[in-house]
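Chemist: First the structure, which I've put down as structure tokens, then a few questions once you've had a look.
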Number of protein chains: 2
Amino acid sequence: SVNPDLASERQTPSFSVEKLTFRLDGGAEHTRIRRAVVEAIECDPEFSRENQYFQSQNERYEAAVRKAVHLQKKMHEMGWTESGPEFKYIYRALSGDVAFLLHRIFMRSISVLGSDKQIAKWIPLATQFQLIGSYAQTELGHGTYLQGLETTADFDITTQEFILNTPKISAMKWWPGDMGRSATHTVVFAQLHVHGKCYGVHPFIVQIRSLQDHSLCAGVTAGDIGPKMNFEHVDNGYLMLQNVRVPRENMLNKFCEVQPDGTYVRRGSQKINYFTMTTVRISLIADEVIIPLMKACTIAIRYSVVRRQSKLKPGEQEAKILDYQTQQEKLLPPLAAAYAFHFLNDYLQELFDKGYREIQRKNFDTLPELHAFSSGFKAMVTQYCTSAVEICLRACGGHGYSLLSGLPSLYTKILASCIYEGENTILLLQTARFLIKCFMAASAGQSVPPSVTYLAAVKPGKCPAKNKSDFLSPDIYTEAYQHTAVRLISSTAAKLQDLIQSGVKKHDAWNQCTVQLVQAAKAHCHYITVKNFAETVEKLETRAGIQKIMKHLCDLFALHGIFSNAGVFLHDGYISGAQMDMVTASYLDLLAVIRKDAVPLVDAFDFTDKSLNSALGSYDGQVYQRLYEWAQKSPTNKQMSPAYERYLKPLLHNTLSKL
Amino acid sequence: SVNPDLASERQTPSFSVEKLTFRLDGGAEHTRIRRAVVEAIECDPEFSRENQYFQSQNERYEAAVRKAVHLQKKMHEMGWTESGPEFKYIYRALSGDVAFLLHRIFMRSISVLGSDKQIAKWIPLATQFQLIGSYAQTELGHGTYLQGLETTADFDITTQEFILNTPKISAMKWWPGDMGRSATHTVVFAQLHVHGKCYGVHPFIVQIRSLQDHSLCAGVTAGDIGPKMNFEHVDNGYLMLQNVRVPRENMLNKFCEVQPDGTYVRRGSQKINYFTMTTVRISLIADEVIIPLMKACTIAIRYSVVRRQSKLKPGEQEAKILDYQTQQEKLLPPLAAAYAFHFLNDYLQELFDKGYREIQRKNFDTLPELHAFSSGFKAMVTQYCTSAVEICLRACGGHGYSLLSGLPSLYTKILASCIYEGENTILLLQTARFLIKCFMAASAGQSVPPSVTYLAAVKPGKCPAKNKSDFLSPDIYTEAYQHTAVRLISSTAAKLQDLIQSGVKKHDAWNQCTVQLVQAAKAHCHYITVKNFAETVEKLETRAGIQKIMKHLCDLFALHGIFSNAGVFLHDGYISGAQMDMVTASYLDLLAVIRKDAVPLVDAFDFTDKSLNSALGSYDGQVYQRLYEWAQKSPTNKQMSPAYERYLKPLLHNTLSKL
């Protein structure tokens, strides 16, 4: 039975929830396939996440390995393949709680960096799991700056081998997933030395554990890096190598090779690698960032209509907390953001598919733009969604703080996305570098990539809005975002130029502008996101109420952004104080409008109870009952604590040595 | 041996670190006592936190109980008493990792709410630990709104007992610390019913577990609420009561009593209770909020001078990450905030001591102001410090994400402070209510409490700063904060008035203004914090360089606040766009200045390595060595995982049923 306070929210949605779900999935057929995958996985007890919040790191790891092995059987049984339409839904259905993800990166790196001969040798072994692979790049002392990696690989011409070493503690590999306990092989990135000359970082396939008994190979020290904020199911590992020898053929040599006589040969273009990193950043946005935010919104919004607290009107029943403006202000902008980023992701996917086709035709022209896009949007979306999940957690008060709400683990996991695959600040500065370059080019009348042609149109101007309803016009707010992005980029470019002209060295000048460069890069990404949302809404079908509600969300996303970054819009008077009051008024009005459809809007994400794994967010809204039932299962309730006999009883019975 | 990259940071501090430590402690004698307590506790292996990051919830609970019991012996052994000068340092030295904190609240509630007779009966039992107490207020369905509590206590005139019941699941007590597994008694808050009439919420002493064998008493269901984001060492519990009878004398009856014939008598003033809640909010600020922030700053800043990554100047050694402007922007404002809030806390303590003296003289005039203060500052400081700790964590990249850095547990713990003892949004609205009331009074020419007399001085005006160095004048920036606070309060008051005059009901009008009311309350608290910091700096001794460096920090705190909330300062043109550029320039200059003293400034907090319990933050900066040593101790490295025999071996050896 559905909690009546939740049921009432579903009675008169302004749009068709099912049709919106189809739209989010990219069509009814995709929805059907997704649901079939979810159903197959969730009804299989081997994939259960039921006791997850009670498990130790060891138990989580073991479960993830068990699931990964079982998944192989399941895929065979169901007829699912890695290239089939079901595949992308499997990871979502498992909520990522599965081992051997790095095994796939191991395979991908060989496919991309290896020669045909290497591919022919290793890929079948990996596909059949005759080995378990990992990918060892990051070291204790180096993450961001890959040129600084300290692991060495010396070519020994007499034996035709590379000798791999960890020359100092900071060179120890640290973080590679699946490596702490599972992997038998890994791709090690090391500084290649031939005849004492260093040729930079190269990838080597290294066996680290016995295929017979899983013991560590000679010269190898490896283990688990210990507890983390999340990812307990992953055995992130450390690795030290002492004179570990691998044959010459183990250097992945599609692009460069050490010949038997020690001659180093570089061939072909490495730009494609660059593109691989770029696509990884884009591909994580949907699974690791947007879906967790959608889950957090679902949990917090459903909870906020069954939780009643205090009275809004004297003498009446206690109010649903979502009826308080402050609660709407917490939860509805994250909801709008989830939709904004979903549509942004569609746009990015399309852009990258197009880019990929170009690159296959050896046209690398779009690479800088795609790199800047992937960096900036990865940073913006992970940052925004991490904050938004934290807001959802805190908006649920004490119950949000319980692991049983599901929100803490969503938060601690999404937080990592701000750090991995490029630390966000570093990424934003890469985007900023691209923007400054384009701005200079545009100012000099040169042509620039399509996404930044707007930089050429620097004009002071004022926002033409005359009343609060003008701010519900996408042209008005998109223009404001564009203006602000141009202003921030151009003013930072000017500061940079001034510093250099006043004699400051180029690198110092750059460093002195980085706080503002980050701000400029964010403004650019924010502008593109708003623009894309508005353009998407424009193209949506007008039937079934979908365009209308999406327009509200788009307006909310845009106006919330102006309201909460008011400074950058007010700075040069493009938006006046009086206009900012209109923005605020329109923004607050929208909260009340969207609040009515809040539950249907999260229902459209179509998460099952099992995938949410939350005592607060279930479809039926039976919150308190579930919290109580789940708590009873906690290991802390399994037995009387030994602490009683050891400490409490002597204390209470005064048999402790005299206090 | 100290890492040379850290040692070099300590060579030429601009001030005396030791003298600053004395100032923070309130004098050299306090520093001496604190260090003696820390020394005594840290050299006692019973209090070790060494393996904390590897322990399960069960193990953490057991350790906390063991420490609490051992602490009783230790205090006796050391001659420490609860009223002695050492007492306040004990909790800090234990990093709060100890049981029976609610036992103290149990005692405090009896002392405050109980009659002399009740105090005489219960306090000695509690003091001697012949019982273990807890405090059961919050329920599954009610936290913020205490009037809504659903537990009932019916007076049975025939037996002269109260019958306590949990009438529905939402009435279950939920969260009380020490109750899930330890407590034998608790103070239960319940709706008092006599002859069918409800008299509201009252406190009752209820025994829940046997003093003989610790089994649950008849009619009592209790247990642990399960895993949380932190506080694994605390057995937060649930409690259901079914016709549990307690004698009439168990209702705490200093202020109201049910007489044998069922007559309900209320006597004296309950305002003092109000004051108790208020003082708890203030007292948690130092221990639970400021100290964790100081620890996080210490860890992140020490790490940022031993971590080298990428090159700032081509051809040179890789740079310390604290030399990057973006890293300074992350870490130095939190450092300045730690000092700002430390001095704010001194101010609040003084204010409350004064208030307490007045109240003992039955003068309750300052209560509304103190309540508004405690609410607003609790909310502002917990919010600010929680965000700051998260920034510190993220600023350490992957290593910050490891539990071994100490940062995740600082974060997950401080996060709770935004929720407990009054959810922050609710608290800010209480402050706002006070501010609006005072603003109306001041506008009508009535007198208002001293802290808000500034509200009477509404004047439009413009900031007089002419160049960036003008913004290093405390008068200039304090005035800007004051102006902004007045503007936000007065404009929200005006909106509220307008709505009411246009016919909107008062409570609806209030709700429609709450987003802006929260903003106004924050602005008020921010203003007072800046003002107090500036006034404190004014009074500091000028020798030993302390005043100078504190002045820099005060400037940074103030300008960072303007820079990051630019919108509210620009809105009415009080600060112009050109002036905002000056603010930005001064702010960025200050980062470079304070960066030089960053390590001495965290050294002055004087945390021992054991109290930081961080692989990144130790005094010697041997970061990588420690991460590796600690990781090896993880239970994940204790044995070959059973997952190998069960899953990996069959997979690798292809003995799984055919894939």
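Every chain in the structure tokens has a letter given in the order shown (A, B, ...), and although residue numbers restart at 1 in each chain, ligands are simply numbered from 1 in the order shown.
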Please tabulate, as JSON lines, the residues of stretch 3-111 of chain A that come within 12 Å of stretch 201-210 of chain A, each with its closest pair of atoms and the distance in Å to one decimal, counting only C-alpha atoms and ordering rows by chain, then residue number upward.

Modeler:
{"residue": "A:Phe106", "atom": "CA", "partner": "A:Ile205", "partner_atom": "CA", "distance": 9.3}
{"residue": "A:Met107", "atom": "CA", "partner": "A:Ile205", "partner_atom": "CA", "distance": 11.0}
{"residue": "A:Ser109", "atom": "CA", "partner": "A:Pro203", "partner_atom": "CA", "distance": 9.0}
{"residue": "A:Ile110", "atom": "CA", "partner": "A:Ile205", "partner_atom": "CA", "distance": 8.9}

Chemist: Compile the contact shell of B:Thr151 as a ChimeraX atom specification: residues with an atom at most 12 Å away, counting only C-alpha atoms, same-chain residues fewer than 6 positions apart removed.

Modeler: /B:136-142,163-174,188-193,198,200-204,239-244

Chemist: Just checking: using only C-alpha atoms, which residue out of A:Glu86, A:Asp178, A:Asp154, A:Glu42 ends up closest to chain B?

Modeler: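 Distance minimum relative to chain B lands on A:Asp178.
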
Chemist: For the structure I just gave you, how does DSSP split stretch 262-482 of chain B - specifically, which residues are alpha helix (DSSP H)? Reply as a ChimeraX atom specification.

Modeler: /B:271-284,291-306,325-360,367-395,397-401,407-416,424-443,474-482

Chemist: Identify, on the basis of only C-alpha atoms, every residue whose closest approach to stretch 608-617 of chain B does not exceed 7 Å; exclude the query and any residue fewer than 2 positions from it along the same chain; express the result as a list of chain:residue names.

Modeler: B:Ala93, B:Ser95, B:Lys295, B:Thr298, B:Ile299, B:Ala300, B:Arg302, B:Tyr303, B:Leu404, B:Ser405, B:Gly406, B:Asp606, B:Tyr619, B:Gly621, B:Val623, B:Arg626, B:Leu627
